[in-house]
Each structure stands twice: as structure tokens, then as C-alpha cells.
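Data block below; observations after.
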Amino acid sequence: QVQLVESGGGSVQAGGSLRLSCTASGASRTFFSMNAMGWYRQAPGNQRELVATITSTGGTNYVRSMKGRFTISRDNAKNTVYLEMNDLKPEDTAVYHCKFGASGPWGRGTQVTVST
């Protein structure tokens, strides 16, 4: 059974940077590499929303408001997907979750808080 654990969240000031990691256990490197991965976020009172996705072949897709500030990448040898976040804004404050493949599972998330 695949399980995901996110890390790397924290509190930063506006304009700062963070690098989130999501590592999958319970999956072979081959199985991990065959699946797309995604980062999503959920702010208090809001629905979970897409941030970025990366396909099995490394193709990436971003929500427009995050394109140019966020970069998704993956290291299949480590069963890990990353989200590099730069020029963070207070509105980026949320719990960030990763998702395995098209239907999950999901990780529990890591909190990102951006202050002015």
C-alpha cells in the first residue's frame, strides 16, 4: 500500500522560499516512476485546489497564479516529488498535500505559513 509523507513546510516572510518534499513508501521505484504526481493546497475555509502536476515522463503543469514562482520536480530514484516555492505571498498560506497518481492516495500535508 502506497503511503505519502510530506515535509519541508514552515513559516516564512513574504518574498521567501521553501522547498517541499513528498516521499512515497510502499511502492517500488518502477511503480512510482510510472505514475503522475501532484501538489495541492487547502487554506482554512477553502476547498483543496491544484497547485502543480508532473507526469511520469516529467511533463509539468501549473495553476496560472503559481507559474513562474513554483517548480515541481521528481526524483524517481528516491520515490520523491518536490515543490520549490519562491516569492511566497501571504495568500500562499495553506496546508500542502501531495497526491499519487490519478486517484491517490494523499499525504497528510505540510503547513506553509507566509507572513507580511
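Residue numbering restarts at 1 in every chain; chains get A, B, ... in the order shown in the C-alpha cells, and ligands count up from 1 in that same order.
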
Skip A:Gln3 itself and residues of its chain fewer than 5 positions away, then list as JSON, numbers by chain all residues within 10 Å of it, counting only C-alpha atoms. {"A": [22, 23, 24, 25, 26, 27, 99, 100, 104, 105, 106, 107, 108]}

Å distance separating atom CA of A:Glu84 from atom CA of A:Pro44, one decimal place: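 Calculated distance between atom CA of A:Glu84 and atom CA of A:Pro44 is 22.0 Å.
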
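Using only C-alpha atoms, the nearest neighbour of A:Trp39 within the list A:Met66, A:Val51, A:Ala14, A:Val2 is A:Val51.
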
From the list A:Ser17, A:Ser103, A:Ser65, A:Thr71, the nearest residue to A:Asn35 using only C-alpha atoms is A:Ser103

For stretch 25-56 of chain A against stretch 73-77 of chain A, with a cut-off of 9 Å and counting only C-alpha atoms, what is the closest atom pair and its distance in Å to one decimal for every residue that makes the cut, ordered by chain and number, as JSON lines?
```
{"residue": "A:Arg29", "atom": "CA", "partner": "A:Asn76", "partner_atom": "CA", "distance": 6.1}
{"residue": "A:Thr30", "atom": "CA", "partner": "A:Asn76", "partner_atom": "CA", "distance": 7.9}
{"residue": "A:Phe32", "atom": "CA", "partner": "A:Asn76", "partner_atom": "CA", "distance": 6.7}
{"residue": "A:Ser33", "atom": "CA", "partner": "A:Asn76", "partner_atom": "CA", "distance": 5.5}
{"residue": "A:Met37", "atom": "CA", "partner": "A:Arg74", "partner_atom": "CA", "distance": 8.5}
{"residue": "A:Thr53", "atom": "CA", "partner": "A:Ser73", "partner_atom": "CA", "distance": 8.9}
{"residue": "A:Ile54", "atom": "CA", "partner": "A:Ser73", "partner_atom": "CA", "distance": 7.0}
```

From the list A:Ser28, A:Gly10, A:Thr60, A:Val112, the nearest residue to A:His97 using only C-alpha atoms is A:Val112

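Counting only C-alpha atoms, A:Gln42 has the following residues at most 8 Å away, ignoring those fewer than 2 positions along the same chain: Tyr40, Pro44, Asn46, Gln47, Arg48, Glu49, Ala94, Val95 and Tyr96 of chain A.
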
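Among the candidates A:Gln1, A:Thr55, A:Thr110, A:Thr116, the residue lying nearest to A:Ser21 is A:Thr110 (atoms considered: only C-alpha atoms).
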
Mind listing the strand (DSSP E or B) residues of chain A, per DSSP on the backbone, as number ranges by chain? A: 3-7, 10-13, 18-25, 37-42, 49-54, 60-62, 67, 70-75, 80-85, 94-100, 106, 110-115

Members of chain A assigned helix (DSSP H, G or I) by DSSP, as a list in words: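 Helix (DSSP H, G or I) members of chain A, listed: Arg29, Thr30, Phe31, Phe32, Ser33, Arg64, Ser65, Met66, Asn76, Ala77, Lys78, Pro90, Glu91 and Asp92 of chain A.
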
Write the selection just made, keeping C-alpha atoms, as an mmCIF file, in the first residue's frame?
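Okay, this is what ended up in again-v5.cif:
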```cif
data_model
loop_
_atom_site.group_PDB
_atom_site.id
_atom_site.type_symbol
_atom_site.label_atom_id
_atom_site.label_comp_id
_atom_site.auth_asym_id
_atom_site.auth_seq_id
_atom_site.Cartn_x
_atom_site.Cartn_y
_atom_site.Cartn_z
ATOM 1 C CA ARG A 29 10.817 2.802 -7.842
ATOM 2 C CA THR A 30 9.398 1.446 -11.078
ATOM 3 C CA PHE A 31 5.801 1.783 -9.914
ATOM 4 C CA PHE A 32 6.443 5.272 -8.565
ATOM 5 C CA SER A 33 8.042 6.380 -11.817
ATOM 6 C CA ARG A 64 -1.518 30.172 -13.651
ATOM 7 C CA SER A 65 -1.098 32.153 -10.424
ATOM 8 C CA MET A 66 1.801 29.939 -9.387
ATOM 9 C CA ASN A 76 12.284 8.589 -9.150
ATOM 10 C CA ALA A 77 15.378 7.018 -7.582
ATOM 11 C CA LYS A 78 14.190 8.438 -4.251
ATOM 12 C CA PRO A 90 0.513 35.577 2.292
ATOM 13 C CA GLU A 91 -2.172 34.070 0.063
ATOM 14 C CA ASP A 92 0.041 31.004 -0.391
#
```

Counting only C-alpha atoms, which of A:Ala36, A:Gly45, A:Lys89, A:Asn79 gets nearest to A:Gly58?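 Answer, going by the shortest atom-to-atom distance: A:Ala36.
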
Between A:Met34, A:Ala102, A:Val81, A:Leu4, single out the one closest to A:Thr57, counting only C-alpha atoms.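 Of the candidates, the smallest distance to A:Thr57 is held by A:Met34.
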